[in-house]
$ cat my_file32.tsv   # TSV, C-alpha atoms
chain	number	residue	atom	x	y	z
A	1	MET	CA	19.14	45.34	16.69
A	2	GLY	CA	19.45	44.67	12.92
A	3	LEU	CA	22.69	44.64	10.95
A	4	SER	CA	21.83	48.05	9.46
A	5	PHE	CA	22.59	49.60	12.85
A	6	LEU	CA	25.97	47.93	13.27
A	7	PRO	CA	29.27	49.60	12.43
A	8	ALA	CA	30.65	48.76	8.96
A	9	GLY	CA	33.55	46.79	10.41
A	10	VAL	CA	31.19	44.55	12.35
A	11	ILE	CA	29.06	43.98	9.25
A	12	SER	CA	32.19	43.04	7.32
A	13	ALA	CA	33.30	40.66	10.07
A	14	ALA	CA	29.87	39.06	10.23
A	15	SER	CA	29.80	38.54	6.46
A	16	THR	CA	33.30	37.09	6.46
A	17	SER	CA	32.38	34.72	9.27
A	18	ALA	CA	29.23	33.58	7.45
A	19	ASN	CA	31.20	32.98	4.25
A	20	ALA	CA	33.85	31.05	6.14
A	21	ASN	CA	31.21	28.87	7.79
A	22	ALA	CA	29.63	28.16	4.41
A	23	GLN	CA	33.02	27.22	2.94
A	24	ASP	CA	33.79	24.98	5.92
A	25	ALA	CA	30.45	23.19	5.45
A	26	ALA	CA	31.28	22.54	1.80
A	27	ALA	CA	34.93	21.52	2.31
A	28	CYS	CA	36.13	17.95	2.71
A	29	GLY	CA	38.09	18.65	5.88
A	30	THR	CA	40.72	15.97	5.39
A	31	GLU	CA	43.55	15.34	2.96
A	32	LYS	CA	43.30	11.61	3.60
A	33	LYS	CA	41.85	9.44	0.88
A	34	ILE	CA	38.30	8.41	1.81
A	35	ASP	CA	37.90	4.83	0.67
A	36	ILE	CA	34.30	3.63	0.31
A	37	ALA	CA	33.38	-0.05	0.40
A	38	GLU	CA	31.40	-1.23	-2.62
A	39	MET	CA	29.60	-4.29	-1.33
A	40	THR	CA	28.62	-7.20	-3.55
A	41	TRP	CA	24.84	-6.53	-3.65
A	42	PRO	CA	23.24	-3.92	-5.94
A	43	SER	CA	21.85	-1.43	-3.41
A	44	ALA	CA	25.11	-1.13	-1.47
A	45	ALA	CA	27.10	-0.86	-4.70
A	46	ALA	CA	24.92	1.97	-5.99
A	47	LEU	CA	25.10	3.80	-2.65
A	48	ALA	CA	28.90	3.60	-2.71
A	49	HIS	CA	28.96	5.36	-6.09
A	50	ILE	CA	26.39	7.97	-5.02
A	51	HIS	CA	28.55	8.92	-2.03
A	52	ALA	CA	31.75	8.84	-4.08
A	53	ILE	CA	30.36	11.33	-6.60
A	54	ILE	CA	29.05	13.69	-3.92
A	55	LEU	CA	32.25	13.54	-1.86
A	56	GLU	CA	34.62	13.96	-4.80
A	57	HIS	CA	32.75	16.53	-6.86
A	58	GLY	CA	30.74	18.26	-4.14
A	59	TYR	CA	33.15	18.36	-1.23
A	60	GLY	CA	36.45	18.06	-3.11
A	61	CYS	CA	37.54	14.92	-1.26
A	62	SER	CA	40.04	12.40	-2.51
A	63	VAL	CA	37.90	9.27	-2.93
A	64	GLU	CA	38.50	5.64	-3.84
A	65	ILE	CA	35.92	2.88	-4.19
A	66	VAL	CA	37.18	-0.46	-2.91
A	67	THR	CA	35.71	-3.94	-3.07
A	68	GLY	CA	33.93	-4.99	0.09
A	69	ASP	CA	31.59	-7.42	1.81
A	70	THR	CA	30.03	-7.45	5.26
A	71	VAL	CA	32.46	-9.57	7.26
A	72	PRO	CA	35.83	-8.62	5.68
A	73	THR	CA	34.91	-4.92	5.44
A	74	SER	CA	33.80	-4.62	9.06
A	75	ALA	CA	36.85	-6.58	10.23
A	76	SER	CA	39.18	-4.30	8.27
A	77	MET	CA	37.48	-1.16	9.56
A	78	ILE	CA	37.83	-2.40	13.13
A	79	SER	CA	41.45	-3.58	12.84
A	80	ARG	CA	42.92	-0.98	10.45
A	81	GLY	CA	40.49	1.96	10.20
A	82	THR	CA	39.97	1.28	6.52
A	83	PRO	CA	37.84	1.51	4.47
A	84	ALA	CA	36.65	4.83	5.83
A	85	VAL	CA	33.00	4.24	4.96
A	86	ALA	CA	30.66	1.26	4.53
A	87	PRO	CA	27.51	2.83	3.06
A	88	GLU	CA	25.22	-0.16	3.69
A	89	LEU	CA	26.54	-2.38	6.45
A	90	TRP	CA	24.20	-5.09	7.75
A	91	THR	CA	25.52	-5.31	11.29
A	92	SER	CA	23.35	-8.23	12.47
A	93	THR	CA	25.88	-10.71	11.09
A	94	VAL	CA	28.84	-8.99	12.80
A	95	GLU	CA	27.00	-7.60	15.81
A	96	GLU	CA	29.39	-8.58	18.61
A	97	ALA	CA	32.57	-7.42	16.85
A	98	TRP	CA	30.93	-4.20	15.61
A	99	GLU	CA	29.61	-3.24	19.05
A	100	LYS	CA	33.06	-3.84	20.51
A	101	GLY	CA	34.57	-1.65	17.78
A	102	ILE	CA	32.16	1.16	18.72
A	103	ALA	CA	32.91	0.71	22.43
A	104	ASP	CA	36.65	0.86	21.70
A	105	GLY	CA	36.21	4.07	19.69
A	106	ILE	CA	37.44	2.51	16.44
A	107	VAL	CA	34.25	2.69	14.36
A	108	VAL	CA	31.04	4.71	14.48
A	109	LYS	CA	27.52	4.57	13.14
A	110	LEU	CA	26.87	7.75	11.17
A	111	GLY	CA	23.24	6.97	10.38
A	112	ASP	CA	20.78	4.44	8.98
A	113	ALA	CA	21.37	3.46	5.36
A	114	ILE	CA	17.82	2.08	5.15
A	115	THR	CA	15.66	4.39	7.22
A	116	ASP	CA	12.68	2.07	7.67
A	117	GLY	CA	14.69	-1.13	8.16
A	118	THR	CA	15.31	-4.07	5.92
A	119	VAL	CA	12.42	-6.31	4.82
A	120	GLU	CA	12.40	-10.09	4.83
A	121	GLY	CA	9.51	-12.51	4.72
A	122	TRP	CA	6.88	-14.31	2.66
A	123	PHE	CA	4.97	-12.53	-0.09
A	124	ILE	CA	2.03	-13.00	-2.44
A	125	PRO	CA	0.88	-10.75	-5.32
A	126	ARG	CA	-1.54	-8.00	-4.36
A	127	TYR	CA	-3.93	-9.17	-7.06
A	128	MET	CA	-4.26	-12.45	-5.16
A	129	GLN	CA	-5.13	-10.63	-1.96
A	130	GLU	CA	-7.62	-8.44	-3.80
A	131	LYS	CA	-9.38	-11.57	-5.06
A	132	HIS	CA	-9.14	-13.23	-1.64
A	133	PRO	CA	-9.05	-10.51	1.06
A	134	GLU	CA	-8.66	-13.10	3.81
A	135	LEU	CA	-5.11	-13.87	2.65
A	136	LYS	CA	-3.32	-11.58	5.07
A	137	THR	CA	-1.47	-14.06	7.27
A	138	ALA	CA	0.77	-17.03	6.58
A	139	GLU	CA	-1.77	-19.30	8.27
A	140	ALA	CA	-4.56	-18.08	5.97
A	141	VAL	CA	-2.47	-18.78	2.88
A	142	ILE	CA	-1.29	-22.16	4.18
A	143	ALA	CA	-4.95	-23.16	4.58
A	144	ARG	CA	-5.46	-22.66	0.81
A	145	PRO	CA	-2.82	-24.65	-1.11
A	146	ASP	CA	-5.38	-24.93	-3.92
A	147	LEU	CA	-4.94	-21.23	-4.64
A	148	PHE	CA	-1.16	-21.60	-5.16
A	149	PRO	CA	-0.82	-24.84	-7.13
A	150	ASP	CA	2.57	-26.39	-7.76
A	151	PRO	CA	3.16	-26.27	-11.55
A	152	GLU	CA	4.58	-29.79	-11.37
A	153	ASN	CA	1.99	-31.21	-8.97
A	154	GLY	CA	-1.29	-29.32	-9.09
A	155	ASP	CA	-2.73	-31.28	-6.16
A	156	LYS	CA	-0.38	-29.41	-3.82
A	157	GLY	CA	0.62	-25.81	-3.23
A	158	ARG	CA	4.17	-24.55	-3.79
A	159	LEU	CA	6.26	-22.30	-1.55
A	160	TYR	CA	9.25	-20.80	-3.37
A	161	SER	CA	12.27	-20.80	-1.06
A	162	CYS	CA	15.89	-19.72	-1.60
A	163	PRO	CA	18.70	-21.40	-3.54
A	164	PRO	CA	20.69	-24.06	-1.68
A	165	GLY	CA	23.36	-22.62	0.59
A	166	TRP	CA	21.65	-19.29	1.26
A	167	ALA	CA	20.79	-18.47	4.88
A	168	CYS	CA	17.20	-17.81	3.84
A	169	GLU	CA	16.91	-21.40	2.65
A	170	LEU	CA	17.47	-22.48	6.26
A	171	SER	CA	14.95	-20.01	7.67
A	172	THR	CA	12.27	-20.80	5.08
A	173	SER	CA	12.74	-24.55	5.44
A	174	ALA	CA	12.43	-24.21	9.22
A	175	LEU	CA	9.18	-22.28	8.90
A	176	TYR	CA	7.86	-24.79	6.36
A	177	GLU	CA	8.45	-27.48	8.97
A	178	ALA	CA	7.16	-25.41	11.90
A	179	PHE	CA	3.89	-24.72	10.08
A	180	ASP	CA	3.64	-28.43	9.15
A	181	MET	CA	3.13	-27.38	5.53
A	182	SER	CA	4.06	-30.81	4.21
A	183	GLY	CA	1.10	-32.27	6.07
A	184	LYS	CA	-1.16	-29.47	4.83
A	185	GLY	CA	-0.67	-30.06	1.13
A	186	TRP	CA	2.41	-27.97	0.29
A	187	ASN	CA	5.70	-28.58	-1.50
A	188	LEU	CA	8.84	-26.60	-0.73
A	189	PHE	CA	10.66	-25.55	-3.89
A	190	SER	CA	14.28	-24.39	-3.88
A	191	PRO	CA	15.34	-22.74	-7.17
A	192	GLY	CA	18.84	-23.37	-8.39
A	193	SER	CA	19.93	-19.74	-8.20
A	194	GLY	CA	18.84	-16.25	-7.27
A	195	GLY	CA	18.24	-15.56	-10.94
A	196	ALA	CA	15.95	-18.58	-11.19
A	197	LEU	CA	13.94	-17.36	-8.19
A	198	ASP	CA	13.62	-13.90	-9.73
A	199	ALA	CA	12.54	-15.40	-13.05
A	200	SER	CA	9.84	-17.47	-11.37
A	201	ILE	CA	8.49	-14.41	-9.55
A	202	ALA	CA	8.61	-12.22	-12.67
A	203	ARG	CA	6.84	-14.85	-14.75
A	204	ALA	CA	4.03	-15.21	-12.21
A	205	PHE	CA	3.46	-11.46	-11.91
A	206	THR	CA	3.62	-10.90	-15.66
A	207	ARG	CA	0.96	-13.57	-16.22
A	208	GLU	CA	-0.99	-12.58	-13.07
A	209	GLU	CA	-0.62	-16.10	-11.74
A	210	PRO	CA	-0.59	-17.09	-8.05
A	211	ILE	CA	2.73	-17.44	-6.25
A	212	LEU	CA	3.86	-17.70	-2.63
A	213	PHE	CA	7.51	-16.83	-2.22
A	214	TYR	CA	10.24	-15.77	0.17
A	215	TYR	CA	11.95	-12.48	-0.60
A	216	TRP	CA	13.77	-9.57	0.95
A	217	GLY	CA	14.18	-5.85	0.45
A	218	PRO	CA	15.15	-3.39	-0.66
A	219	THR	CA	15.40	-5.10	-4.05
A	220	SER	CA	14.38	-4.44	-7.63
A	221	ILE	CA	11.86	-7.30	-7.45
A	222	LEU	CA	9.89	-5.61	-4.67
A	223	GLY	CA	10.29	-2.29	-6.42
A	224	LYS	CA	8.99	-3.62	-9.73
A	225	PHE	CA	6.14	-5.88	-8.58
A	226	ASP	CA	3.27	-5.10	-6.22
A	227	ALA	CA	3.78	-7.81	-3.62
A	228	VAL	CA	2.10	-8.03	-0.22
A	229	GLN	CA	4.06	-9.25	2.79
A	230	LEU	CA	2.24	-11.86	4.88
A	231	ASP	CA	1.91	-11.61	8.64
A	232	LEU	CA	4.08	-14.31	10.22
A	233	GLY	CA	3.34	-13.17	13.76
A	234	PRO	CA	5.85	-11.54	16.10
A	235	ALA	CA	9.57	-11.74	15.52
A	236	LYS	CA	11.28	-14.01	18.04
A	237	PRO	CA	15.04	-13.51	17.70
A	238	ASP	CA	15.96	-16.61	19.70
A	239	VAL	CA	13.69	-18.81	17.59
A	240	TYR	CA	14.99	-17.24	14.40
A	241	ALA	CA	18.60	-17.78	15.54
A	242	CYS	CA	17.89	-21.46	16.14
A	243	ASN	CA	16.02	-21.80	12.84
A	244	THR	CA	19.09	-20.58	10.96
A	245	ASP	CA	21.68	-22.49	13.02
A	246	THR	CA	22.39	-25.95	11.65
A	247	ASP	CA	23.81	-26.95	15.06
A	248	CYS	CA	20.65	-26.01	16.99
A	249	THR	CA	18.80	-29.15	18.13
A	250	ASP	CA	15.50	-27.47	19.08
A	251	ALA	CA	12.49	-28.08	16.88
A	252	PRO	CA	11.92	-25.29	14.32
A	253	GLY	CA	9.61	-22.55	15.59
A	254	ILE	CA	7.26	-20.01	14.06
A	255	THR	CA	8.66	-16.48	13.95
A	256	ALA	CA	8.68	-13.45	11.70
A	257	TYR	CA	12.00	-12.46	10.19
A	258	PRO	CA	13.68	-9.84	12.42
A	259	SER	CA	14.48	-6.62	10.60
A	260	SER	CA	18.25	-6.38	10.20
A	261	PRO	CA	19.80	-2.95	10.78
A	262	ALA	CA	21.58	-1.57	7.72
A	263	ILE	CA	23.75	1.36	8.75
A	264	ILE	CA	26.22	3.84	7.33
A	265	GLY	CA	29.34	2.75	9.20
A	266	ALA	CA	32.61	4.64	9.33
A	267	ALA	CA	36.06	4.57	10.82
A	268	SER	CA	36.10	6.87	13.84
A	269	TRP	CA	38.74	9.17	12.31
A	270	LEU	CA	36.28	10.35	9.65
A	271	PRO	CA	33.93	12.44	11.84
A	272	LYS	CA	36.95	13.81	13.71
A	273	GLU	CA	38.88	14.95	10.64
A	274	ALA	CA	35.99	15.53	8.23
A	275	PRO	CA	32.98	16.61	10.31
A	276	ALA	CA	31.18	18.14	7.30
A	277	VAL	CA	31.39	14.81	5.49
A	278	ALA	CA	30.11	12.97	8.57
A	279	THR	CA	27.22	15.44	8.90
A	280	TYR	CA	26.26	14.83	5.28
A	281	MET	CA	26.43	11.05	5.58
A	282	ALA	CA	24.36	11.05	8.76
A	283	LYS	CA	21.48	12.45	6.66
A	284	ALA	CA	21.99	10.18	3.66
A	285	GLY	CA	19.49	7.44	4.46
A	286	LEU	CA	16.91	6.12	2.01
A	287	SER	CA	13.70	4.19	2.55
A	288	ASN	CA	13.05	0.70	1.21
A	289	ALA	CA	10.80	2.16	-1.47
A	290	GLN	CA	13.42	4.70	-2.56
A	291	ILE	CA	16.18	2.10	-2.81
A	292	SER	CA	13.93	-0.37	-4.61
A	293	LYS	CA	13.06	2.35	-7.13
A	294	LEU	CA	16.75	3.03	-7.65
A	295	LEU	CA	17.36	-0.67	-8.25
A	296	VAL	CA	14.51	-1.00	-10.74
A	297	TYR	CA	16.32	1.50	-12.99
A	298	GLY	CA	19.52	-0.53	-12.78
A	299	ASP	CA	17.72	-3.78	-13.48
A	300	GLU	CA	15.59	-2.57	-16.39
A	301	ASN	CA	18.44	-0.69	-18.07
A	302	LYS	CA	21.18	-3.25	-17.32
A	303	ALA	CA	23.04	-0.36	-15.71
A	304	ASP	CA	26.10	-0.83	-13.54
A	305	ALA	CA	26.44	0.72	-10.08
A	306	ASP	CA	27.98	3.97	-11.38
A	307	GLU	CA	25.28	4.47	-14.02
A	308	THR	CA	22.58	3.71	-11.45
A	309	ALA	CA	24.10	6.24	-9.06
A	310	ARG	CA	24.26	8.95	-11.71
A	311	ASN	CA	20.65	8.36	-12.69
A	312	PHE	CA	19.60	8.70	-9.05
A	313	LEU	CA	21.52	11.97	-8.67
A	314	LYS	CA	19.96	13.35	-11.87
A	315	THR	CA	16.37	12.25	-11.24
A	316	GLU	CA	16.05	12.40	-7.44
A	317	GLN	CA	17.48	15.84	-6.71
A	318	ASP	CA	14.68	16.62	-4.29
A	319	VAL	CA	16.00	13.73	-2.15
A	320	TRP	CA	19.78	14.08	-2.08
A	321	THR	CA	20.02	17.88	-2.14
A	322	GLY	CA	18.51	17.81	1.34
A	323	TRP	CA	21.61	16.00	2.56
A	324	VAL	CA	24.13	18.68	1.59
A	325	PRO	CA	24.66	22.47	1.63
A	326	ALA	CA	23.42	24.33	-1.45
A	327	GLU	CA	26.93	25.00	-2.78
A	328	VAL	CA	27.77	21.29	-2.63
A	329	ALA	CA	24.59	20.45	-4.53
A	330	GLU	CA	25.49	22.97	-7.23
A	331	LYS	CA	28.94	21.46	-7.72
A	332	VAL	CA	27.45	17.98	-8.06
A	333	ARG	CA	24.85	19.23	-10.55
A	334	ALA	CA	27.60	20.91	-12.58
A	335	PHE	CA	29.54	17.64	-12.71
A	336	LEU	CA	26.49	15.68	-13.86
A	337	LYS	CA	25.74	18.03	-16.79
$ encode --input "my_file32.tsv" --output "structure tokens"
Amino acid sequence: MGLSFLPAGVISAASTSANANAQDAAACGTEKKIDIAEMTWPSAAALAHIHAIILEHGYGCSVEIVTGDTVPTSASMISRGTPAVAPELWTSTVEEAWEKGIADGIVVKLGDAITDGTVEGWFIPRYMQEKHPELKTAEAVIARPDLFPDPENGDKGRLYSCPPGWACELSTSALYEAFDMSGKGWNLFSPGSGGALDASIARAFTREEPILFYYWGPTSILGKFDAVQLDLGPAKPDVYACNTDTDCTDAPGITAYPSSPAIIGAASWLPKEAPAVATYMAKAGLSNAQISKLLVYGDENKADADETARNFLKTEQDVWTGWVPAEVAEKVRAFLK
């Protein structure tokens, strides 16, 4: 039976109920301040500002952005229930403590921050693969050091690793040894900083020169340049763990880089007191490609995290409006004008 056949009082009650449900979906639900961890890397920082704008201006929440990083943020969430949200938490480095926090009902996973998983591995430019279609695996590239000459020693190939002290320097050095690349005509090059690594990659792509390099995503480098990830074979977590553990005495082994989960983590009080906010954040994942695109804007325009977030909200409305009720989206749009 349609509404046209219902008594007027029932119609009125139904309309009131629908309006109330819509208002509930668009309301913050808690008077507590929702503090959001702004991590030290660009993607997590931008995500923190995206969520802060939507929560404050769309849902009417009281919001504060606080400085964060993986280990101290997760430890604080587990011990004190604050910050309320970590919008891009790489749990692989705090796995045991985080799982215990979930089991104890202190923290929760609201969703995946990076929907298709993080990326880590060895890359070459696509134009190199187009010229040499056989270059799909690490072994195929290692067999051709002549195609990737070391600028300082053209008789050998060069593999660009990570700056000293980074975990990826350990993993790349271990693979270099496991593949016996030294005996196959390769040099391992460690740039002095992340900026130096980025500059080397950018220079090679701009000049369409060959380069073999370690990198990870989502990042502006992988968003800006058309790089192809090489097949390193299956991921072997135990081998990878040993490769990156300076105390492990086993010989380095060949393994792909395991994809690290990057989640939207929260203190358990948030979904209890602000279910509408939790529902929104559970939908607020982005793919590697989407985050890399976001970061390219920040990199090319020297924009800070807040400017990068605002640009995303203005230019990617077809993405984020699917996370929230229509009335929330309208409030955010009104703020951005």
$ closest_atom_pairs --input "my_file32.tsv" --of "region 110-132 of chain A" --to "region 171-193 of chain A" --cutoff "12 Å" --atoms "only C-alpha atoms" --output "Markdown table"
| residue | atom | partner | partner_atom | distance |
| --- | --- | --- | --- | --- |
| A:Glu120 | CA | A:Ser171 | CA | 10.6 |
| A:Gly121 | CA | A:Thr172 | CA | 8.7 |
| A:Trp122 | CA | A:Thr172 | CA | 8.8 |
$ residues_around --input "my_file32.tsv" --residues "His132 (chain A)" --least-positions-apart "4" --cutoff "10 Å" --atoms "all atoms listed in the file" --output "list in words"
Arg126, Tyr127, Met128, Lys136, Val141 and Leu147 of chain A
$ closest_residue --input "my_file32.tsv" --among "A:Pro133, A:Pro252, A:Gly81, A:Pro258" --to "Lys236 (chain A)" --atoms "all atoms listed in the file"
A:Pro258
$ residues_around --input "my_file32.tsv" --residues "region 281-294 of chain A" --least-positions-apart "5" --cutoff "8 Å" --atoms "only C-alpha atoms" --output "MDAnalysis selection string"
chainID A and resid 43 110:119 217:224 264 308 312 320 323
$ atom_distance --input "my_file32.tsv" --atom1 "CA of Trp41 (chain A)" --atom2 "CA of Gln317 (chain A)"
23.7 Å
$ atom_distance --input "my_file32.tsv" --atom1 "CA of Thr321 (chain A)" --atom2 "CA of Gly58 (chain A)"
10.9 Å
$ closest_residue --input "my_file32.tsv" --among "A:Phe225, A:Tyr297, A:Trp98, A:Tyr215" --to "Tyr257 (chain A)" --atoms "all atoms listed in the file"
A:Tyr215
$ closest_residue --input "my_file32.tsv" --among "A:Lys156, A:Asp304, A:Thr315, A:Cys242" --to "Arg144 (chain A)" --atoms "only C-alpha atoms"
A:Lys156
$ residues_around --input "my_file32.tsv" --residues "Leu212 (chain A)" --least-positions-apart "4" --cutoff "9 Å" --atoms "all atoms listed in the file" --output "mmCIF file with C-alpha atoms, in the coordinates of the input"
data_model
loop_
_atom_site.group_PDB
_atom_site.id
_atom_site.type_symbol
_atom_site.label_atom_id
_atom_site.label_comp_id
_atom_site.auth_asym_id
_atom_site.auth_seq_id
_atom_site.Cartn_x
_atom_site.Cartn_y
_atom_site.Cartn_z
ATOM 1 C CA TRP A 122 6.880 -14.310 2.660
ATOM 2 C CA PHE A 123 4.970 -12.530 -0.090
ATOM 3 C CA ILE A 124 2.030 -13.000 -2.440
ATOM 4 C CA PRO A 125 0.880 -10.750 -5.320
ATOM 5 C CA VAL A 141 -2.470 -18.780 2.880
ATOM 6 C CA PHE A 148 -1.160 -21.600 -5.160
ATOM 7 C CA GLY A 157 0.620 -25.810 -3.230
ATOM 8 C CA ARG A 158 4.170 -24.550 -3.790
ATOM 9 C CA LEU A 159 6.260 -22.300 -1.550
ATOM 10 C CA TYR A 160 9.250 -20.800 -3.370
ATOM 11 C CA ILE A 201 8.490 -14.410 -9.550
#
$ atom_distance --input "my_file32.tsv" --atom1 "CA of Gly29 (chain A)" --atom2 "CA of Cys61 (chain A)"
8.1 Å
$ closest_residue --input "my_file32.tsv" --among "A:Val332, A:Ile211, A:Val107, A:Ala196" --to "Gln129 (chain A)" --atoms "only C-alpha atoms"
A:Ile211
$ residues_around --input "my_file32.tsv" --residues "Glu307 (chain A)" --least-positions-apart "5" --cutoff "10 Å" --atoms "only C-alpha atoms" --output "list of chain:residue names"
A:Ala46, A:His49, A:Ile50, A:Tyr297, A:Gly298, A:Asn301, A:Lys302, A:Phe312, A:Leu313
$ residues_around --input "my_file32.tsv" --residues "Ala241 (chain A)" --least-positions-apart "2" --cutoff "12 Å" --atoms "all atoms listed in the file" --output "PyMOL selection string"
chain A and resi 92-93+167-168+170-171+174+235-239+243-250+252-258
$ write_last_selection --input "my_file32.tsv" --atoms "C-alpha atoms" --output "mmCIF file, in the frame of the given file"
data_model
loop_
_atom_site.group_PDB
_atom_site.id
_atom_site.type_symbol
_atom_site.label_atom_id
_atom_site.label_comp_id
_atom_site.auth_asym_id
_atom_site.auth_seq_id
_atom_site.Cartn_x
_atom_site.Cartn_y
_atom_site.Cartn_z
ATOM 1 C CA SER A 92 23.350 -8.230 12.470
ATOM 2 C CA THR A 93 25.880 -10.710 11.090
ATOM 3 C CA ALA A 167 20.790 -18.470 4.880
ATOM 4 C CA CYS A 168 17.200 -17.810 3.840
ATOM 5 C CA LEU A 170 17.470 -22.480 6.260
ATOM 6 C CA SER A 171 14.950 -20.010 7.670
ATOM 7 C CA ALA A 174 12.430 -24.210 9.220
ATOM 8 C CA ALA A 235 9.570 -11.740 15.520
ATOM 9 C CA LYS A 236 11.280 -14.010 18.040
ATOM 10 C CA PRO A 237 15.040 -13.510 17.700
ATOM 11 C CA ASP A 238 15.960 -16.610 19.700
ATOM 12 C CA VAL A 239 13.690 -18.810 17.590
ATOM 13 C CA ASN A 243 16.020 -21.800 12.840
ATOM 14 C CA THR A 244 19.090 -20.580 10.960
ATOM 15 C CA ASP A 245 21.680 -22.490 13.020
ATOM 16 C CA THR A 246 22.390 -25.950 11.650
ATOM 17 C CA ASP A 247 23.810 -26.950 15.060
ATOM 18 C CA CYS A 248 20.650 -26.010 16.990
ATOM 19 C CA THR A 249 18.800 -29.150 18.130
ATOM 20 C CA ASP A 250 15.500 -27.470 19.080
ATOM 21 C CA PRO A 252 11.920 -25.290 14.320
ATOM 22 C CA GLY A 253 9.610 -22.550 15.590
ATOM 23 C CA ILE A 254 7.260 -20.010 14.060
ATOM 24 C CA THR A 255 8.660 -16.480 13.950
ATOM 25 C CA ALA A 256 8.680 -13.450 11.700
ATOM 26 C CA TYR A 257 12.000 -12.460 10.190
ATOM 27 C CA PRO A 258 13.680 -9.840 12.420
#
$ closest_residue --input "my_file32.tsv" --among "A:Lys314, A:Ile263, A:Asp146, A:Gly68" --to "Ala329 (chain A)" --atoms "all atoms listed in the file"
A:Lys314
$ closest_residue --input "my_file32.tsv" --among "A:Ala278, A:Ala97, A:Ile102, A:Ile78" --to "Ile34 (chain A)" --atoms "all atoms listed in the file"
A:Ala278
$ build_atoms --input "my_file32.tsv" --residues "region 180-185 of chain A" --atoms "all heavy atoms" --output "JSON list (two decimals), in the coordinates of the input"
[["chain", "number", "residue", "atom", "x", "y", "z"],
["A", 180, "ASP", "N", 4.10, -27.12, 9.61],
["A", 180, "ASP", "CA", 3.64, -28.43, 9.15],
["A", 180, "ASP", "C", 3.02, -28.32, 7.76],
["A", 180, "ASP", "O", 1.96, -28.88, 7.48],
["A", 180, "ASP", "CB", 2.65, -29.06, 10.13],
["A", 180, "ASP", "CG", 2.30, -30.51, 9.74],
["A", 180, "ASP", "OD1", 3.15, -31.17, 9.10],
["A", 180, "ASP", "OD2", 1.18, -30.95, 10.06],
["A", 181, "MET", "N", 3.69, -27.61, 6.86],
["A", 181, "MET", "CA", 3.13, -27.38, 5.53],
["A", 181, "MET", "C", 3.11, -28.64, 4.69],
["A", 181, "MET", "O", 2.23, -28.82, 3.83],
["A", 181, "MET", "CB", 3.89, -26.26, 4.84],
["A", 181, "MET", "CG", 3.66, -24.90, 5.48],
["A", 181, "MET", "SD", 4.57, -23.54, 4.70],
["A", 181, "MET", "CE", 3.68, -23.38, 3.13],
["A", 182, "SER", "N", 4.05, -29.55, 4.95],
["A", 182, "SER", "CA", 4.06, -30.81, 4.21],
["A", 182, "SER", "C", 2.77, -31.59, 4.47],
["A", 182, "SER", "O", 2.18, -32.17, 3.55],
["A", 182, "SER", "CB", 5.27, -31.66, 4.61],
["A", 182, "SER", "OG", 5.25, -32.91, 3.96],
["A", 183, "GLY", "N", 2.33, -31.57, 5.71],
["A", 183, "GLY", "CA", 1.10, -32.27, 6.07],
["A", 183, "GLY", "C", -0.16, -31.52, 5.69],
["A", 183, "GLY", "O", -1.27, -32.05, 5.85],
["A", 184, "LYS", "N", 0.00, -30.29, 5.21],
["A", 184, "LYS", "CA", -1.16, -29.47, 4.83],
["A", 184, "LYS", "C", -1.24, -29.24, 3.33],
["A", 184, "LYS", "O", -1.91, -28.32, 2.87],
["A", 184, "LYS", "CB", -1.11, -28.13, 5.58],
["A", 184, "LYS", "CG", -1.23, -28.29, 7.10],
["A", 184, "LYS", "CD", -1.05, -26.97, 7.83],
["A", 184, "LYS", "CE", -1.15, -27.17, 9.34],
["A", 184, "LYS", "NZ", -0.89, -25.92, 10.10],
["A", 185, "GLY", "N", -0.52, -30.10, 2.58],
["A", 185, "GLY", "CA", -0.67, -30.06, 1.13],
["A", 185, "GLY", "C", 0.25, -29.11, 0.39],
["A", 185, "GLY", "O", -0.11, -28.60, -0.67]]
